[in-house]
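Peer 1: What follows is protein-v9.cif; its format and atoms are mmCIF, C-alpha atoms.
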data_final
#
loop_
_atom_site.label_atom_id
_atom_site.label_comp_id
_atom_site.auth_asym_id
_atom_site.auth_seq_id
_atom_site.Cartn_x
_atom_site.Cartn_y
_atom_site.Cartn_z
CA MET A 1 72.09 200.03 98.46
CA LEU A 2 70.16 196.76 98.49
CA ASP A 3 70.09 194.49 101.46
CA GLU A 4 72.71 191.80 100.80
CA VAL A 5 70.43 188.98 101.90
CA ALA A 6 67.59 190.10 99.61
CA ALA A 7 69.90 190.63 96.65
CA ALA A 8 71.92 187.45 97.12
CA SER A 9 69.37 185.21 95.44
CA LEU A 10 68.90 187.46 92.39
CA PRO A 11 71.11 187.18 89.32
CA ARG A 12 74.02 189.62 89.60
CA GLN A 13 73.12 191.44 86.38
CA LEU A 14 69.56 191.97 87.64
CA VAL A 15 70.87 193.42 90.93
CA TYR A 16 73.03 195.86 88.96
CA ARG A 17 70.07 196.97 86.84
CA LEU A 18 67.86 197.23 89.92
CA GLU A 19 70.33 199.49 91.71
CA LEU A 20 70.78 201.62 88.59
CA ALA A 21 67.00 202.05 88.17
CA LEU A 22 66.59 202.97 91.84
CA GLU A 23 69.34 205.56 91.72
CA GLU A 24 68.29 207.15 88.44
CA VAL A 25 64.59 207.46 89.23
CA LEU A 26 65.09 208.67 92.80
CA MET A 27 67.68 211.26 91.76
CA ASN A 28 65.43 212.51 88.95
CA ILE A 29 62.58 212.95 91.41
CA VAL A 30 64.79 214.82 93.89
CA TRP A 31 66.36 217.09 91.25
CA HIS A 32 63.43 217.74 88.97
CA ALA A 33 60.16 217.17 90.83
CA TYR A 34 60.98 219.30 93.85
CA GLY A 35 63.35 221.87 92.40
CA ASP A 36 65.07 224.28 94.73
CA SER A 37 62.68 223.74 97.64
CA GLY A 38 63.83 220.17 98.13
CA GLU A 39 60.48 219.47 99.74
CA GLY A 40 58.10 216.84 98.54
CA GLU A 41 56.89 213.35 99.10
CA MET A 42 57.92 210.16 97.36
CA THR A 43 57.44 206.47 97.93
CA VAL A 44 59.10 203.40 96.48
CA ARG A 45 57.64 199.92 96.59
CA ALA A 46 59.29 196.75 95.36
CA SER A 47 57.83 193.35 94.67
CA ARG A 48 59.38 190.17 93.42
CA ASN A 49 58.00 187.25 91.47
CA GLY A 50 60.80 184.71 90.99
CA ASP A 51 63.62 186.56 89.26
CA GLU A 52 61.27 189.35 88.11
CA VAL A 53 61.32 192.58 90.15
CA THR A 54 58.82 195.42 89.94
CA LEU A 55 59.61 198.86 91.35
CA VAL A 56 56.83 201.42 91.79
CA PHE A 57 57.84 205.04 92.34
CA GLU A 58 55.32 207.71 93.31
CA ASP A 59 55.92 211.40 93.89
CA SER A 60 53.86 214.52 94.48
CA GLY A 61 55.80 216.66 91.99
CA PRO A 62 54.42 218.30 88.87
CA PRO A 63 53.15 215.94 86.15
CA PHE A 64 56.03 214.33 84.28
CA ASP A 65 55.75 211.33 81.99
CA PRO A 66 59.30 210.02 81.46
CA LEU A 67 58.04 207.80 78.63
CA GLN A 68 57.16 210.89 76.57
CA ALA A 69 60.41 212.75 77.25
CA ALA A 70 62.66 213.10 74.24
CA ALA A 71 66.07 211.45 74.35
CA PRO A 72 68.93 213.96 74.57
CA PRO A 73 71.06 214.45 71.47
CA VAL A 74 74.10 212.22 71.21
CA PRO A 75 77.27 214.31 71.39
CA ALA A 76 79.58 214.18 68.40
CA SER A 77 82.62 213.70 70.64
CA VAL A 78 83.66 213.18 74.23
CA ASP A 79 84.67 216.85 74.36
CA GLU A 80 81.08 217.85 73.56
CA ALA A 81 79.55 215.49 76.11
CA LYS A 82 78.01 216.98 79.24
CA VAL A 83 77.71 215.40 82.66
CA GLY A 84 74.18 214.26 83.40
CA GLY A 85 71.08 214.14 81.28
CA LEU A 86 71.26 210.43 80.48
CA GLY A 87 69.24 209.02 83.38
CA LEU A 88 66.14 208.34 81.31
CA VAL A 89 68.22 206.79 78.54
CA LEU A 90 69.81 204.43 81.06
CA LEU A 91 66.44 203.63 82.63
CA ARG A 92 64.95 202.75 79.24
CA ARG A 93 67.87 200.42 78.56
CA VAL A 94 67.86 198.54 81.88
CA ALA A 95 64.08 198.18 82.26
CA SER A 96 62.17 195.32 80.68
CA ALA A 97 59.03 197.48 80.71
CA LEU A 98 58.00 200.94 81.94
CA ARG A 99 54.54 202.28 82.68
CA TYR A 100 53.57 205.80 83.79
CA GLU A 101 50.33 207.30 84.98
CA ARG A 102 49.20 210.39 86.81
CA ARG A 103 46.89 209.28 89.61
CA ASP A 104 45.34 211.33 92.41
CA GLY A 105 47.73 214.24 91.82
CA ARG A 106 50.81 212.03 91.90
CA ASN A 107 53.25 210.68 89.33
CA ARG A 108 53.38 206.88 89.33
CA LEU A 109 56.17 205.08 87.47
CA GLU A 110 56.31 201.30 87.35
CA VAL A 111 59.62 199.72 86.35
CA LEU A 112 59.72 196.01 85.50
CA LEU A 113 63.09 194.26 85.55
CA ARG A 114 63.66 190.74 84.25
CA PRO A 115 66.92 188.80 83.93
#
Re-express the file's structure as structure tokens.
Peer 2:
Amino acid sequence: MLDEVAAASLPRQLVYRLELALEEVLMNIVWHAYGDSGEGEMTVRASRNGDEVTLVFEDSGPPFDPLQAAAPPVPASVDEAKVGGLGLVLLRRVASALRYERRDGRNRLEVLLRP
């Protein structure tokens, strides 16, 4: 997913977390912000300061603050586990910091990743 040249100078673990954050947030926007229509607008910006990477996601979907969303219940067994529903849990674990705001009718999520 990431350009090999850009990712080559980042610690491997940070690249893994970066790719995971990108996939989880983008898929949540596609699935939940735009529903069945599949139409909407989103942008992703990335910046780097040394080994620190900041991702900024914006979308025009309905207001949704992922920081206020409740964590799903932990299944009692593998048999009770369902596919999906853990994207926000994973994002909270891989991110060093998360910040959300609703600005100009858009959701804005900032994800900070540090080694």
Peer 1: Please check which residues have atoms at most 9 Å from (52.7, 209.3, 92.0) in the file's coordinates, counting all atoms listed in the file, and write them as a list in words.
Peer 2: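 It turns out the residues near that spot are Met42, Thr43, Val56, Phe57, Glu58, Asp59, Ser60, Gly61, Pro63, Tyr100, Glu101, Arg102, Arg103, Asp104, Gly105, Arg106, Asn107, Arg108 and Leu109 of chain A.
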Peer 1: To one decimal place in Å, what is the distance between atom CA of Glu52 of chain A and atom CA of Leu14 of chain A?
Peer 2: 8.7 Å
Peer 1: Residues at most 10 Å from Leu90 of chain A, counting only C-alpha atoms, excluding those fewer than 2 positions away in the same chain, as a PyMOL selection string?
Peer 2: chain A and resi 17+20-21+24+85-88+92-95
Peer 1: As a check of understanding, name the residues that the PyMOL selection byres ((chain A and resi 46) around 10) selects in the supplied structure, as JSON, numbers by chain.
Peer 2: {"A": [44, 45, 47, 48, 53, 54, 55, 56, 57, 110, 111, 112]}
Peer 1: For Glu23 of chain A, list every protein, DNA or RNA residue within 10 Å, evaluated using only C-alpha atoms, and leave out those in the same chain fewer than 4 positions away; present the list as a JSON list (two decimals) with C-alpha atoms, keeping the file's coordinate frame.
Peer 2:
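Writing done, so here's part.json:
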[["chain", "number", "residue", "atom", "x", "y", "z"],
["A", 1, "MET", "CA", 72.09, 200.03, 98.46],
["A", 17, "ARG", "CA", 70.07, 196.97, 86.84],
["A", 18, "LEU", "CA", 67.86, 197.23, 89.92],
["A", 19, "GLU", "CA", 70.33, 199.49, 91.71],
["A", 27, "MET", "CA", 67.68, 211.26, 91.76],
["A", 28, "ASN", "CA", 65.43, 212.51, 88.95],
["A", 87, "GLY", "CA", 69.24, 209.02, 83.38],
["A", 91, "LEU", "CA", 66.44, 203.63, 82.63]]
Peer 1: Give the answer as one residue: which of A:Leu113, A:Glu80, A:Pro66, A:Gly50 has the shortest atom-to-atom distance to Ile29 of chain A, using all atoms listed in the file?
Peer 2: A:Pro66
Peer 1: A:Ser37, A:Asp65, A:Pro73, A:Arg114: which is nearest Arg12 of chain A, counting all atoms listed in the file?
Peer 2: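 Closest to Arg12 of chain A of all the choices is A:Arg114.
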Peer 1: Looking at all atoms listed in the file, which of A:Ser9, A:Val89, A:Phe64, A:Asp51 is the one that sits closest to His32 of chain A?
Peer 2: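 The closest residue to His32 of chain A is A:Phe64.
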Peer 1: Could you tell me how far atom CA of Val25 of chain A sits from atom CA of Pro115 of chain A, in Å to one decimal place?
Peer 2: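 Distance between the two atoms: 19.5 Å.
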Peer 1: Using Å and a single decimal, report how far atom CA of Ala70 of chain A sits from atom CA of Tyr16 of chain A.
Peer 2: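 Atom-to-atom, atom CA of Tyr16 of chain A and atom CA of Ala70 of chain A are spaced 24.9 Å apart.
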Peer 1: Of the candidates A:Pro62, A:Pro75, A:Pro11, A:Leu22, which one gets nearest to Tyr34 of chain A if we count all atoms listed in the file?
Peer 2: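 For Tyr34 of chain A, the nearest of the given residues is A:Pro62.
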